[in-house]
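As provided, data-v4.cif (mmCIF, C-alpha atoms) reads as follows.
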data_input
#
loop_
_atom_site.label_atom_id
_atom_site.label_comp_id
_atom_site.auth_asym_id
_atom_site.auth_seq_id
_atom_site.Cartn_x
_atom_site.Cartn_y
_atom_site.Cartn_z
CA MET A 1 1.27 -31.49 18.49
CA ALA A 2 -1.02 -32.63 21.23
CA SER A 3 -4.46 -33.88 20.24
CA SER A 4 -7.47 -31.73 21.01
CA ALA A 5 -11.17 -32.33 21.12
CA GLY A 6 -12.95 -32.18 17.76
CA THR A 7 -11.24 -31.92 14.41
CA GLY A 8 -7.64 -30.96 13.98
CA HIS A 9 -4.81 -30.59 16.47
CA THR A 10 -3.76 -27.57 18.46
CA GLY A 11 -0.46 -26.20 19.60
CA THR A 12 1.79 -23.28 18.87
CA ALA A 13 3.95 -22.70 15.85
CA SER A 14 7.66 -23.07 16.35
CA ALA A 15 9.34 -19.73 16.83
CA GLY A 16 11.33 -19.50 13.65
CA THR A 17 11.41 -15.87 12.73
CA ALA A 18 15.18 -15.90 12.31
CA ALA A 19 14.74 -17.90 9.11
CA ALA A 20 11.81 -15.85 7.93
CA GLY A 21 13.34 -12.62 6.84
CA PRO A 22 12.88 -9.33 8.68
CA LEU A 23 9.88 -8.93 10.96
CA PHE A 24 9.02 -6.29 13.49
CA ASP A 25 9.64 -6.91 17.16
CA PRO A 26 7.00 -9.32 18.54
CA GLU A 27 5.68 -6.59 20.82
CA VAL A 28 4.62 -4.61 17.72
CA TYR A 29 2.43 -7.51 16.57
CA ARG A 30 1.21 -8.16 20.12
CA ASN A 31 -0.06 -4.58 20.38
CA ARG A 32 -1.80 -4.85 16.99
CA MET A 33 -3.56 -8.06 18.03
CA ARG A 34 -4.66 -6.52 21.31
CA ARG A 35 -6.05 -3.48 19.52
CA ALA A 36 -7.82 -5.66 16.93
CA ALA A 37 -9.63 -7.51 19.73
CA GLU A 38 -10.67 -4.22 21.33
CA LEU A 39 -12.05 -2.86 18.07
CA THR A 40 -13.85 -6.15 17.42
CA ARG A 41 -15.58 -5.82 20.76
CA ASP A 42 -16.37 -2.14 20.15
CA ALA A 43 -17.99 -3.08 16.81
CA GLY A 44 -20.36 -5.52 18.53
CA LEU A 45 -18.76 -8.52 16.83
CA ASP A 46 -17.87 -11.88 18.30
CA ALA A 47 -14.78 -12.38 16.15
CA LEU A 48 -12.71 -11.32 13.18
CA VAL A 49 -11.71 -14.02 10.71
CA VAL A 50 -8.68 -12.85 8.77
CA ALA A 51 -7.53 -14.60 5.60
CA PRO A 52 -4.05 -14.41 4.03
CA GLY A 53 -3.28 -11.03 2.55
CA PRO A 54 -2.10 -7.64 3.79
CA ASP A 55 -4.30 -7.77 6.90
CA LEU A 56 -2.81 -11.08 8.07
CA ARG A 57 0.67 -9.80 7.33
CA TYR A 58 -0.08 -6.67 9.34
CA LEU A 59 -1.33 -8.62 12.36
CA VAL A 60 1.21 -11.46 12.60
CA GLY A 61 3.77 -10.96 9.84
CA SER A 62 2.55 -13.99 7.88
CA ARG A 63 3.04 -14.05 4.12
CA ALA A 64 0.76 -17.05 3.67
CA GLU A 65 -1.18 -17.23 0.42
CA THR A 66 -4.83 -18.04 -0.13
CA PHE A 67 -5.53 -21.56 -1.41
CA GLU A 68 -8.60 -23.76 -1.59
CA ARG A 69 -7.60 -24.97 1.89
CA LEU A 70 -8.60 -22.53 4.63
CA THR A 71 -5.99 -20.51 6.47
CA ALA A 72 -7.51 -17.97 8.86
CA LEU A 73 -6.57 -16.04 11.97
CA VAL A 74 -9.54 -15.90 14.34
CA ILE A 75 -9.51 -12.96 16.74
CA PRO A 76 -12.38 -13.19 19.25
CA ALA A 77 -13.71 -10.15 21.05
CA ALA A 78 -12.95 -12.01 24.27
CA GLY A 79 -10.52 -14.86 24.67
CA ASP A 80 -7.37 -16.02 22.95
CA PRO A 81 -6.81 -15.84 19.20
CA ARG A 82 -5.90 -18.86 17.14
CA LEU A 83 -4.79 -19.63 13.66
CA VAL A 84 -6.57 -22.33 11.66
CA ILE A 85 -4.38 -23.86 8.96
CA ALA A 86 -4.04 -27.05 6.93
CA ARG A 87 -1.42 -29.30 8.54
CA LEU A 88 0.70 -29.38 5.40
CA GLU A 89 0.94 -25.56 5.56
CA VAL A 90 2.03 -25.34 9.22
CA PRO A 91 5.77 -25.08 8.37
CA SER A 92 5.05 -21.76 6.64
CA LEU A 93 4.24 -20.23 10.03
CA SER A 94 7.94 -20.21 10.91
CA ALA A 95 8.13 -17.21 8.59
CA SER A 96 5.84 -15.19 10.87
CA ALA A 97 5.49 -13.95 14.44
CA VAL A 98 2.84 -16.57 15.29
CA GLY A 99 5.27 -18.65 17.34
CA ASP A 100 6.75 -15.65 19.14
CA LEU A 101 3.26 -14.51 20.08
CA GLY A 102 2.23 -17.91 21.42
CA ILE A 103 -0.87 -17.98 19.23
CA GLU A 104 -2.72 -21.29 19.32
CA VAL A 105 -2.46 -23.17 16.03
CA ALA A 106 -5.41 -25.39 15.13
CA ASP A 107 -4.37 -27.53 12.20
CA TRP A 108 -6.53 -29.79 10.09
CA VAL A 109 -6.26 -32.35 7.32
CA ASP A 110 -8.32 -32.92 4.19
CA GLY A 111 -11.75 -34.23 5.15
CA ASP A 112 -11.95 -32.22 8.37
CA ASP A 113 -14.44 -29.36 8.74
CA ALA A 114 -11.97 -26.48 8.61
CA HIS A 115 -14.66 -23.79 8.63
CA GLY A 116 -16.31 -25.31 11.66
CA LEU A 117 -12.92 -25.47 13.34
CA ALA A 118 -12.47 -21.76 12.73
CA LEU A 119 -15.71 -21.02 14.58
CA ALA A 120 -15.17 -23.47 17.45
CA GLY A 121 -15.44 -21.86 20.86
CA LEU A 122 -17.61 -18.99 19.65
CA SER A 123 -21.32 -18.63 20.36
CA PRO A 124 -23.67 -20.92 18.37
CA GLN A 125 -24.56 -18.15 15.92
CA PRO A 126 -21.60 -15.80 16.16
CA ARG A 127 -21.45 -12.37 14.60
CA ILE A 128 -18.26 -12.50 12.59
CA ALA A 129 -16.50 -10.18 10.17
CA VAL A 130 -14.11 -11.43 7.49
CA SER A 131 -11.18 -9.66 5.86
CA ASP A 132 -11.90 -8.34 2.38
CA SER A 133 -9.27 -10.64 0.83
CA MET A 134 -11.16 -13.78 1.87
CA PRO A 135 -12.45 -15.63 -1.24
CA ALA A 136 -16.06 -16.68 -1.61
CA LEU A 137 -15.16 -20.37 -1.33
CA HIS A 138 -14.47 -19.67 2.36
CA VAL A 139 -16.98 -16.88 3.05
CA ILE A 140 -19.95 -19.00 1.96
CA PRO A 141 -19.13 -22.02 4.17
CA LEU A 142 -18.62 -19.69 7.14
CA ALA A 143 -22.02 -18.15 6.43
CA GLN A 144 -23.58 -21.60 6.31
CA HIS A 145 -22.10 -22.43 9.70
CA THR A 146 -23.20 -19.17 11.35
CA GLY A 147 -26.58 -18.88 9.67
CA ALA A 148 -25.84 -15.31 8.62
CA THR A 149 -23.76 -13.52 6.03
CA PRO A 150 -20.50 -12.35 7.61
CA GLN A 151 -19.79 -8.66 7.72
CA LEU A 152 -16.68 -7.17 6.16
CA ALA A 153 -13.92 -6.52 8.67
CA THR A 154 -12.79 -3.53 6.64
CA ALA A 155 -14.04 -0.95 9.14
CA VAL A 156 -12.15 -2.59 12.01
CA LEU A 157 -8.94 -3.34 10.13
CA ARG A 158 -8.96 0.02 8.35
CA GLU A 159 -8.86 1.77 11.71
CA LEU A 160 -5.77 -0.22 12.60
CA ARG A 161 -3.86 -0.03 9.34
CA MET A 162 -4.57 3.64 8.55
CA ILE A 163 -2.61 4.86 11.58
CA LYS A 164 0.99 3.78 11.14
CA ASP A 165 3.01 3.00 14.27
CA ALA A 166 6.62 4.06 14.72
CA ALA A 167 8.00 0.84 13.22
CA GLU A 168 5.85 1.25 10.11
CA ILE A 169 6.82 4.87 9.64
CA ASP A 170 10.49 3.94 9.89
CA ALA A 171 9.97 1.27 7.21
CA LEU A 172 8.21 3.81 4.98
CA ARG A 173 11.08 6.26 5.49
CA ARG A 174 13.56 3.63 4.34
CA ALA A 175 11.39 2.85 1.33
CA GLY A 176 11.11 6.53 0.44
CA ALA A 177 14.87 7.08 0.70
CA ALA A 178 15.51 4.01 -1.44
CA ILE A 179 13.25 5.14 -4.28
CA ASP A 180 14.73 8.66 -4.09
CA ARG A 181 18.13 7.11 -4.78
CA VAL A 182 16.72 5.49 -7.90
CA HIS A 183 15.28 8.79 -9.15
CA ALA A 184 18.67 10.41 -8.51
CA ARG A 185 20.21 8.11 -11.14
CA MET A 186 17.60 8.67 -13.83
CA GLY A 187 20.06 10.54 -16.03
CA ASP A 188 22.05 7.32 -16.41
CA TRP A 189 19.21 5.58 -18.21
CA LEU A 190 16.70 8.11 -19.49
CA ILE A 191 18.37 9.02 -22.78
CA PRO A 192 16.82 9.96 -26.15
CA GLY A 193 17.07 7.10 -28.61
CA ARG A 194 16.37 4.42 -26.02
CA THR A 195 12.98 2.76 -25.69
CA GLU A 196 10.73 3.02 -22.65
CA ARG A 197 11.19 -0.72 -22.19
CA GLU A 198 14.97 -0.43 -22.08
CA VAL A 199 14.78 2.36 -19.52
CA SER A 200 12.31 0.34 -17.46
CA ALA A 201 14.68 -2.64 -17.34
CA ASP A 202 17.46 -0.46 -15.93
CA ILE A 203 15.11 1.09 -13.39
CA GLU A 204 13.96 -2.34 -12.24
CA GLN A 205 17.53 -3.44 -11.55
CA ALA A 206 18.19 -0.23 -9.62
CA ILE A 207 15.04 -0.63 -7.54
CA LEU A 208 16.24 -4.07 -6.48
CA ALA A 209 19.79 -2.87 -5.89
CA GLU A 210 18.52 -0.11 -3.60
CA GLY A 211 16.92 -2.60 -1.22
CA HIS A 212 13.43 -3.27 -2.58
CA THR A 213 12.32 -6.90 -2.74
CA GLU A 214 10.63 -6.26 -6.08
CA ALA A 215 9.69 -3.51 -8.49
CA ALA A 216 5.95 -3.40 -7.86
CA PHE A 217 5.35 -1.00 -10.75
CA ILE A 218 7.31 1.04 -13.27
CA ILE A 219 5.81 3.76 -15.44
CA VAL A 220 7.99 5.27 -18.17
CA GLY A 221 5.57 7.57 -19.98
CA SER A 222 7.33 9.47 -22.75
CA GLY A 223 5.70 12.13 -24.91
CA PRO A 224 2.05 11.23 -25.60
CA ASN A 225 2.31 8.17 -23.35
CA GLY A 226 2.80 10.50 -20.39
CA ALA A 227 -0.80 11.64 -20.87
CA ASP A 228 -1.96 8.19 -19.69
CA PRO A 229 -1.62 8.09 -15.88
CA HIS A 230 -1.59 4.28 -15.89
CA HIS A 231 0.70 3.73 -18.85
CA GLU A 232 3.49 1.30 -17.95
CA PHE A 233 6.14 1.15 -20.70
CA SER A 234 6.33 0.27 -24.36
CA ASP A 235 8.73 -0.03 -27.28
CA ARG A 236 8.31 3.66 -28.08
CA VAL A 237 11.66 5.36 -28.70
CA ILE A 238 12.18 8.36 -26.43
CA GLU A 239 12.69 11.60 -28.33
CA ARG A 240 14.68 14.66 -27.29
CA SER A 241 11.54 16.82 -27.36
CA ASP A 242 9.66 14.49 -24.96
CA ILE A 243 8.38 15.20 -21.47
CA VAL A 244 8.75 11.91 -19.56
CA VAL A 245 6.79 10.79 -16.48
CA ILE A 246 8.59 8.27 -14.23
CA ASP A 247 6.42 6.68 -11.52
CA ILE A 248 8.16 3.88 -9.60
CA GLY A 249 7.94 1.95 -6.37
CA GLY A 250 7.95 -1.33 -4.53
CA PRO A 251 8.24 -2.93 -1.09
CA VAL A 252 11.16 -2.97 1.30
CA GLU A 253 11.26 -5.41 4.19
CA PRO A 254 9.08 -6.06 6.06
CA GLY A 255 6.82 -5.25 3.12
CA TYR A 256 6.25 -1.47 3.20
CA ASN A 257 6.05 0.30 -0.14
CA SER A 258 7.65 3.26 -1.83
CA ASP A 259 5.87 5.27 -4.54
CA SER A 260 7.28 8.42 -6.09
CA THR A 261 6.79 10.25 -9.39
CA ARG A 262 8.98 12.84 -11.03
CA THR A 263 8.78 14.35 -14.52
CA TYR A 264 11.81 14.82 -16.78
CA CYS A 265 12.81 16.65 -19.96
CA PHE A 266 15.94 17.03 -22.09
CA GLY A 267 16.36 20.77 -22.46
CA GLU A 268 14.39 23.98 -22.32
CA PRO A 269 10.69 23.08 -22.39
CA PRO A 270 8.21 25.02 -24.55
CA SER A 271 6.58 27.94 -22.73
CA ASP A 272 3.16 26.25 -22.52
CA VAL A 273 4.75 23.18 -20.92
CA ALA A 274 6.74 25.32 -18.49
CA ASP A 275 3.63 27.30 -17.49
CA ALA A 276 1.48 24.21 -16.93
CA TYR A 277 4.23 22.50 -14.99
CA ALA A 278 4.72 25.57 -12.81
CA ALA A 279 1.01 25.43 -11.92
CA LEU A 280 1.32 21.71 -11.13
CA HIS A 281 4.35 22.38 -8.96
CA ASP A 282 2.43 25.04 -7.04
CA ALA A 283 -0.57 22.73 -6.61
CA GLN A 284 1.49 19.85 -5.26
CA ARG A 285 3.41 22.11 -2.90
CA ALA A 286 0.20 23.73 -1.62
CA ALA A 287 -1.46 20.37 -1.04
CA VAL A 288 1.50 19.08 0.97
CA ALA A 289 1.54 22.31 3.00
CA ALA A 290 -2.16 21.83 3.79
CA VAL A 291 -1.65 18.40 5.39
CA ARG A 292 -2.10 18.49 9.16
CA PRO A 293 -4.24 16.81 11.82
CA GLY A 294 -7.88 17.83 11.90
CA VAL A 295 -8.41 18.63 8.23
CA THR A 296 -10.24 16.25 5.92
CA ALA A 297 -8.82 14.11 3.15
CA ALA A 298 -11.20 15.87 0.76
CA SER A 299 -9.76 19.27 1.69
CA ILE A 300 -6.28 18.22 0.55
CA ASP A 301 -7.72 17.14 -2.78
CA ALA A 302 -9.55 20.47 -3.03
CA THR A 303 -6.37 22.43 -2.35
CA ALA A 304 -4.59 20.91 -5.33
CA ARG A 305 -7.66 20.89 -7.56
CA ASP A 306 -8.69 24.49 -6.85
CA LEU A 307 -5.25 25.82 -7.66
CA LEU A 308 -5.11 23.96 -10.97
CA ARG A 309 -8.63 25.16 -11.75
CA SER A 310 -7.54 28.73 -11.14
CA ARG A 311 -4.80 28.25 -13.75
CA GLY A 312 -7.22 26.85 -16.33
CA LEU A 313 -6.14 23.23 -15.85
CA ALA A 314 -9.19 21.69 -14.18
CA GLU A 315 -9.92 19.40 -17.13
CA GLN A 316 -6.32 18.15 -17.19
CA PHE A 317 -6.37 16.82 -13.60
CA ILE A 318 -8.24 13.54 -14.07
CA HIS A 319 -7.59 11.49 -10.91
CA ARG A 320 -7.67 11.81 -7.12
CA THR A 321 -4.87 13.64 -5.34
CA GLY A 322 -3.60 10.64 -3.40
CA HIS A 323 -3.92 7.25 -1.76
CA GLY A 324 -2.81 5.70 1.48
CA ILE A 325 0.24 3.45 1.45
CA GLY A 326 1.78 0.77 3.64
CA LEU A 327 1.72 -2.97 3.14
CA SER A 328 -0.42 -2.23 0.08
CA VAL A 329 0.58 0.35 -2.51
CA HIS A 330 -3.01 1.63 -2.49
CA GLU A 331 -4.93 1.58 0.79
CA GLU A 332 -6.86 4.01 2.95
CA PRO A 333 -7.06 6.92 3.43
CA TYR A 334 -7.84 8.05 -0.12
CA ILE A 335 -7.24 11.75 -0.78
CA VAL A 336 -10.28 12.39 -2.91
CA ASP A 337 -13.33 14.62 -3.12
CA GLY A 338 -16.09 13.39 -0.84
CA ASN A 339 -13.83 11.63 1.66
CA ASP A 340 -14.52 13.53 4.86
CA ILE A 341 -12.30 11.38 7.06
CA THR A 342 -10.26 13.57 9.40
CA LEU A 343 -6.51 13.30 9.11
CA ARG A 344 -4.69 12.05 12.20
CA PRO A 345 -1.03 11.68 13.12
CA GLY A 346 0.40 8.49 11.66
CA MET A 347 -1.64 8.47 8.46
CA ALA A 348 0.59 7.96 5.41
CA PHE A 349 -0.47 8.76 1.86
CA SER A 350 0.65 10.14 -1.48
CA VAL A 351 0.15 13.69 -2.68
CA GLU A 352 0.29 13.42 -6.47
CA PRO A 353 -1.63 15.88 -8.61
CA GLY A 354 -1.02 15.60 -12.34
CA VAL A 355 -1.90 17.29 -15.62
CA TYR A 356 -2.50 15.36 -18.83
CA PHE A 357 -2.82 16.61 -22.39
CA SER A 358 -4.17 13.76 -24.49
CA GLY A 359 -1.96 12.81 -27.41
CA ARG A 360 0.76 15.28 -26.37
CA TRP A 361 2.29 15.00 -22.92
CA GLY A 362 1.63 14.69 -19.21
CA ALA A 363 3.25 15.42 -15.86
CA ARG A 364 2.85 14.31 -12.27
CA ILE A 365 4.64 15.10 -9.00
CA GLU A 366 4.26 12.58 -6.18
CA ASP A 367 5.55 12.42 -2.62
CA ILE A 368 4.59 10.13 0.24
CA VAL A 369 3.81 12.11 3.40
CA VAL A 370 3.10 11.10 6.99
CA VAL A 371 0.81 13.24 9.14
CA THR A 372 2.63 14.53 12.24
CA ASP A 373 1.33 16.30 15.33
CA ASP A 374 1.49 19.70 13.64
CA GLY A 375 1.80 19.09 9.90
CA CYS A 376 3.42 16.38 7.85
CA GLU A 377 6.75 14.78 7.05
CA SER A 378 7.60 14.19 3.41
CA LEU A 379 9.33 10.88 2.78
CA ASN A 380 10.50 11.86 -0.72
CA ASN A 381 12.94 14.68 -1.17
CA ARG A 382 14.12 14.75 -4.78
CA PRO A 383 13.68 18.08 -6.60
CA HIS A 384 10.09 18.82 -7.56
CA GLU A 385 10.86 21.04 -10.52
CA LEU A 386 10.73 19.70 -14.08
CA VAL A 387 14.03 17.79 -14.05
CA ARG A 388 16.25 18.65 -17.02
CA LEU A 389 18.62 15.87 -18.00
#
Rewrite the structure from the file as C-alpha cells, please.
Amino acid sequence: MASSAGTGHTGTASAGTAAAGPLFDPEVYRNRMRRAAELTRDAGLDALVVAPGPDLRYLVGSRAETFERLTALVIPAAGDPRLVIARLEVPSLSASAVGDLGIEVADWVDGDDAHGLALAGLSPQPRIAVSDSMPALHVIPLAQHTGATPQLATAVLRELRMIKDAAEIDALRRAGAAIDRVHARMGDWLIPGRTEREVSADIEQAILAEGHTEAAFIIVGSGPNGADPHHEFSDRVIERSDIVVIDIGGPVEPGYNSDSTRTYCFGEPPSDVADAYAALHDAQRAAVAAVRPGVTAASIDATARDLLRSRGLAEQFIHRTGHGIGLSVHEEPYIVDGNDITLRPGMAFSVEPGVYFSGRWGARIEDIVVVTDDGCESLNNRPHELVRL
C-alpha cells in the first residue's frame, strides 16, 4: 500500500468477495452507503463511525469482530468514506464488499493513534455519532479527540436497517422457508419419552441441514416449561399429556435470520387448553391481518392484546407482540405498547402473541411478516392450529 501523510497507510482492500461467502451485489451496499451519508448530513452530523457488528455488516458486508484494536468505518456527511483497521486485520476485508466498493482503507500498526486516524480529514471538533456496538475503550478516546461525547448513531442506522430492500426481503423469505421445513419434521423428533435436550439436538442438526449457518436459538418448552417464554431446553422427559412450545431460528447467508414458533400436543387437548389456544389463534391471526402501511406498531400489539383480554387472558400474555428481524434476531421496529412508529413497506417483524399458565403449560404462535404496499406478506406458512402429533 502506498504511504500517506500522518499515521498509517491508505489504499483499497483487494476485491476478494469470491472467497468470502455469499454477499449481496456491490450495488446494494453502494446504495446503503450513499443513503447513510445522506442521513448523516440530514442529522446535522459530520460523520458516522461504525464499529464491527450488525451495522458494519449491513453497510459493507464485513463480519469483522471488535477487538482492543480499532476497526471502524467512517462515513462523512460530505466526502469519501474510509475504513480504519489494524494492518494485521486487513486480510479480513477480503470477506466483505469493501474492495468492490473502492472504499479507502487506512491501516495502522500498534503505537499509531488509530482514533486520531479515524477522525482525520474531519473538522477540528467534529460532531460524530458512533454505532451502538462500539465499546467504551474506543468511544472514550474518540470523545477525547473531539472534545465532546459522541452521539449514538442509532437514529440514523435504524432508519436504514428498519426498511428492508428487495435483497434483504428475499433473504428473509429463504430463511422463513427453511425454518418452516424444520417445523414440518417435528413429528420425527418430538416424541413422548424423549428429553427436551434430545429433541433440541435433532432440531439443531435439521436447522443446519436446511441451510442455516447456525442454530441461533432453540426453545423446547414441554409442559410447565412452556410457561416460560425464554426457556431453552432441559433434561425434562416429555410426557404424552404435555403441550410443547417450539421456538427456533437462525441465520441464512448473508446473515438474515429466521424465527418461528409453533405449539404441539400428542392427542386431544383438554377443553380449557383448546379454548385458550383458540383465543390465541384468533389473536395472532387478527394481529397479522391488521398489519399495513400507516398504522402504528403499538396498534398491532393492541389488536392481539385486546382480543386476548376479551377472552379473559390478559394476565397470561406477558410480553410484547413482536420484534423486528434482519441481521439481528431482535431489532427495530418493536411491536409493543407505546411504540407509535408508523409502519412502512419493507419493515419486517414477528407477530407472536402467547399465553402462559405458570406451572402448567404455555403456547405461542409466531410468524415473520413483511409490510407490503397494501398489507403484509407472511414468511412462515406452517399450520397455526395446535399441531397434534
Polymer residues at most 12 Å from Ser358 in chain A, only C-alpha atoms, same-chain spacing of 3 or more positions, as a list in words: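 These residues fall inside the cut-off: Gly223, Pro224, Asn225, Gly226, Ala227, Asp228, Pro229, Glu315, Gln316, Phe317, Ile318, Val355, Trp361, Gly362 and Ala363 of chain A.
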Within 12 Å of range 213-218 of chain A using only C-alpha atoms, minus same-chain residues under 6 positions, as a PyMOL selection string: chain A and resi 21-22+175+178-179+182-183+196-207+229-234+245-261+327-330
Once the PyMOL selection byres ((chain A and resi 48) around 10) has been applied to the shown file, what residues remain in the selection, as a PDB file with C-alpha atoms, keeping the file's coordinate frame?
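See result-v1.pdb below for the written result:
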ATOM      1  CA  ALA A  36      -7.820  -5.660  16.930  1.00  0.00           C
ATOM      2  CA  ALA A  37      -9.630  -7.510  19.730  1.00  0.00           C
ATOM      3  CA  LEU A  39     -12.050  -2.860  18.070  1.00  0.00           C
ATOM      4  CA  THR A  40     -13.850  -6.150  17.420  1.00  0.00           C
ATOM      5  CA  ARG A  41     -15.580  -5.820  20.760  1.00  0.00           C
ATOM      6  CA  LEU A  45     -18.760  -8.520  16.830  1.00  0.00           C
ATOM      7  CA  ASP A  46     -17.870 -11.880  18.300  1.00  0.00           C
ATOM      8  CA  ALA A  47     -14.780 -12.380  16.150  1.00  0.00           C
ATOM      9  CA  VAL A  49     -11.710 -14.020  10.710  1.00  0.00           C
ATOM     10  CA  VAL A  50      -8.680 -12.850   8.770  1.00  0.00           C
ATOM     11  CA  ALA A  51      -7.530 -14.600   5.600  1.00  0.00           C
ATOM     12  CA  ALA A  72      -7.510 -17.970   8.860  1.00  0.00           C
ATOM     13  CA  LEU A  73      -6.570 -16.040  11.970  1.00  0.00           C
ATOM     14  CA  VAL A  74      -9.540 -15.900  14.340  1.00  0.00           C
ATOM     15  CA  ILE A  75      -9.510 -12.960  16.740  1.00  0.00           C
ATOM     16  CA  PRO A  76     -12.380 -13.190  19.250  1.00  0.00           C
ATOM     17  CA  ALA A  77     -13.710 -10.150  21.050  1.00  0.00           C
ATOM     18  CA  PRO A  81      -6.810 -15.840  19.200  1.00  0.00           C
ATOM     19  CA  ARG A 127     -21.450 -12.370  14.600  1.00  0.00           C
ATOM     20  CA  ILE A 128     -18.260 -12.500  12.590  1.00  0.00           C
ATOM     21  CA  ALA A 129     -16.500 -10.180  10.170  1.00  0.00           C
ATOM     22  CA  VAL A 130     -14.110 -11.430   7.490  1.00  0.00           C
ATOM     23  CA  SER A 131     -11.180  -9.660   5.860  1.00  0.00           C
ATOM     24  CA  PRO A 150     -20.500 -12.350   7.610  1.00  0.00           C
ATOM     25  CA  GLN A 151     -19.790  -8.660   7.720  1.00  0.00           C
ATOM     26  CA  LEU A 152     -16.680  -7.170   6.160  1.00  0.00           C
ATOM     27  CA  ALA A 153     -13.920  -6.520   8.670  1.00  0.00           C
ATOM     28  CA  VAL A 156     -12.150  -2.590  12.010  1.00  0.00           C
ATOM     29  CA  LEU A 157      -8.940  -3.340  10.130  1.00  0.00           C
TER      30      LEU A 157
END
Atom-to-atom span, CA of Ala78 in chain A and CA of Ile140 in chain A, Å: 24.4 Å
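Closest approach to Glu65 in chain A among A:Gly121, A:Met134, A:Ala171, A:Asp42 is made by A:Met134 (distances from all atoms listed in the file).
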Ground truth for the PyMOL selection byres ((chain A and resi 322) around 6), written as a PyMOL selection string: chain A and resi 320-321+323+334-335+350-352
Selection result of the PyMOL selection byres ((chain A and resi 241) around 12) on this file, as a VMD selection string: chain A and resid 191 to 193 222 to 224 237 to 240 242 to 244 264 to 270 273 360 to 361 388 to 389
Among listed residues A:Leu343, A:Val369, A:Leu308, A:Leu122, nearest Ala289 in chain A (using all atoms listed in the file):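 Ranked by minimum distance to Ala289 in chain A, first place goes to A:Val369.
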Interatomic distance (Å, one decimal) between CA of Tyr356 in chain A and CA of Arg382 in chain A: 21.8 Å
Near-Gly111 in chain A list (12 Å; only C-alpha atoms; drop same-chain fewer than 2 positions) as an MDAnalysis selection string: chainID A and resid 7:8 69 86:87 108:109 113:116
Point (-4.1, 31.5, -21.6) neighbourhood (10 Å, all atoms listed in the file) written as a list of chain:residue names: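 The answer, in the requested form, is A:Asp272, A:Asp275, A:Arg311, A:Gly312.
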Distance of CA of Thr146 in chain A from CA of Gln125 in chain A, expressed in Å to one decimal place: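 CA of Thr146 in chain A lies at a distance of 4.9 Å from CA of Gln125 in chain A.
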Exercise: residues within 10 Å of coordinate (3.6, 20.3, -9.5), counting all atoms listed in the file, as an NGL selection string: :A and (262-263 or 276-287 or 304 or 308 or 352-355 or 363-366 or 384-386)
Export of prior selection with C-alpha atoms as a PDB file, in the frame of the given file:
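again-v9.pdb written:
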ATOM      1  CA  ARG A 262       8.980  12.840 -11.030  1.00  0.00           C
ATOM      2  CA  THR A 263       8.780  14.350 -14.520  1.00  0.00           C
ATOM      3  CA  ALA A 276       1.480  24.210 -16.930  1.00  0.00           C
ATOM      4  CA  TYR A 277       4.230  22.500 -14.990  1.00  0.00           C
ATOM      5  CA  ALA A 278       4.720  25.570 -12.810  1.00  0.00           C
ATOM      6  CA  ALA A 279       1.010  25.430 -11.920  1.00  0.00           C
ATOM      7  CA  LEU A 280       1.320  21.710 -11.130  1.00  0.00           C
ATOM      8  CA  HIS A 281       4.350  22.380  -8.960  1.00  0.00           C
ATOM      9  CA  ASP A 282       2.430  25.040  -7.040  1.00  0.00           C
ATOM     10  CA  ALA A 283      -0.570  22.730  -6.610  1.00  0.00           C
ATOM     11  CA  GLN A 284       1.490  19.850  -5.260  1.00  0.00           C
ATOM     12  CA  ARG A 285       3.410  22.110  -2.900  1.00  0.00           C
ATOM     13  CA  ALA A 286       0.200  23.730  -1.620  1.00  0.00           C
ATOM     14  CA  ALA A 287      -1.460  20.370  -1.040  1.00  0.00           C
ATOM     15  CA  ALA A 304      -4.590  20.910  -5.330  1.00  0.00           C
ATOM     16  CA  LEU A 308      -5.110  23.960 -10.970  1.00  0.00           C
ATOM     17  CA  GLU A 352       0.290  13.420  -6.470  1.00  0.00           C
ATOM     18  CA  PRO A 353      -1.630  15.880  -8.610  1.00  0.00           C
ATOM     19  CA  GLY A 354      -1.020  15.600 -12.340  1.00  0.00           C
ATOM     20  CA  VAL A 355      -1.900  17.290 -15.620  1.00  0.00           C
ATOM     21  CA  ALA A 363       3.250  15.420 -15.860  1.00  0.00           C
ATOM     22  CA  ARG A 364       2.850  14.310 -12.270  1.00  0.00           C
ATOM     23  CA  ILE A 365       4.640  15.100  -9.000  1.00  0.00           C
ATOM     24  CA  GLU A 366       4.260  12.580  -6.180  1.00  0.00           C
ATOM     25  CA  HIS A 384      10.090  18.820  -7.560  1.00  0.00           C
ATOM     26  CA  GLU A 385      10.860  21.040 -10.520  1.00  0.00           C
ATOM     27  CA  LEU A 386      10.730  19.700 -14.080  1.00  0.00           C
TER      28      LEU A 386
END
Who sits within 7 Å of Gly53 in chain A, all atoms listed in the file, same chain under 3 positions skipped, as a ChimeraX atom specification: /A:56-57,65,133
Residue neighbourhood Leu101 in chain A, 10 Å, all atoms listed in the file, exclusion window fewer than 2 positions, as a ChimeraX atom specification: /A:12-13,15,26-27,29-30,33,60,96-99,103-104
Need the axis-aligned box for range 340-351 of chain A with 8 Å each side, so what are the centre and edges in Å to one decimal, as lines of an AutoDock Vina configuration file?
center_x = -6.9
center_y = 10.8
center_z = 5.2
size_x = 31.2
size_y = 21.7
size_z = 31.8
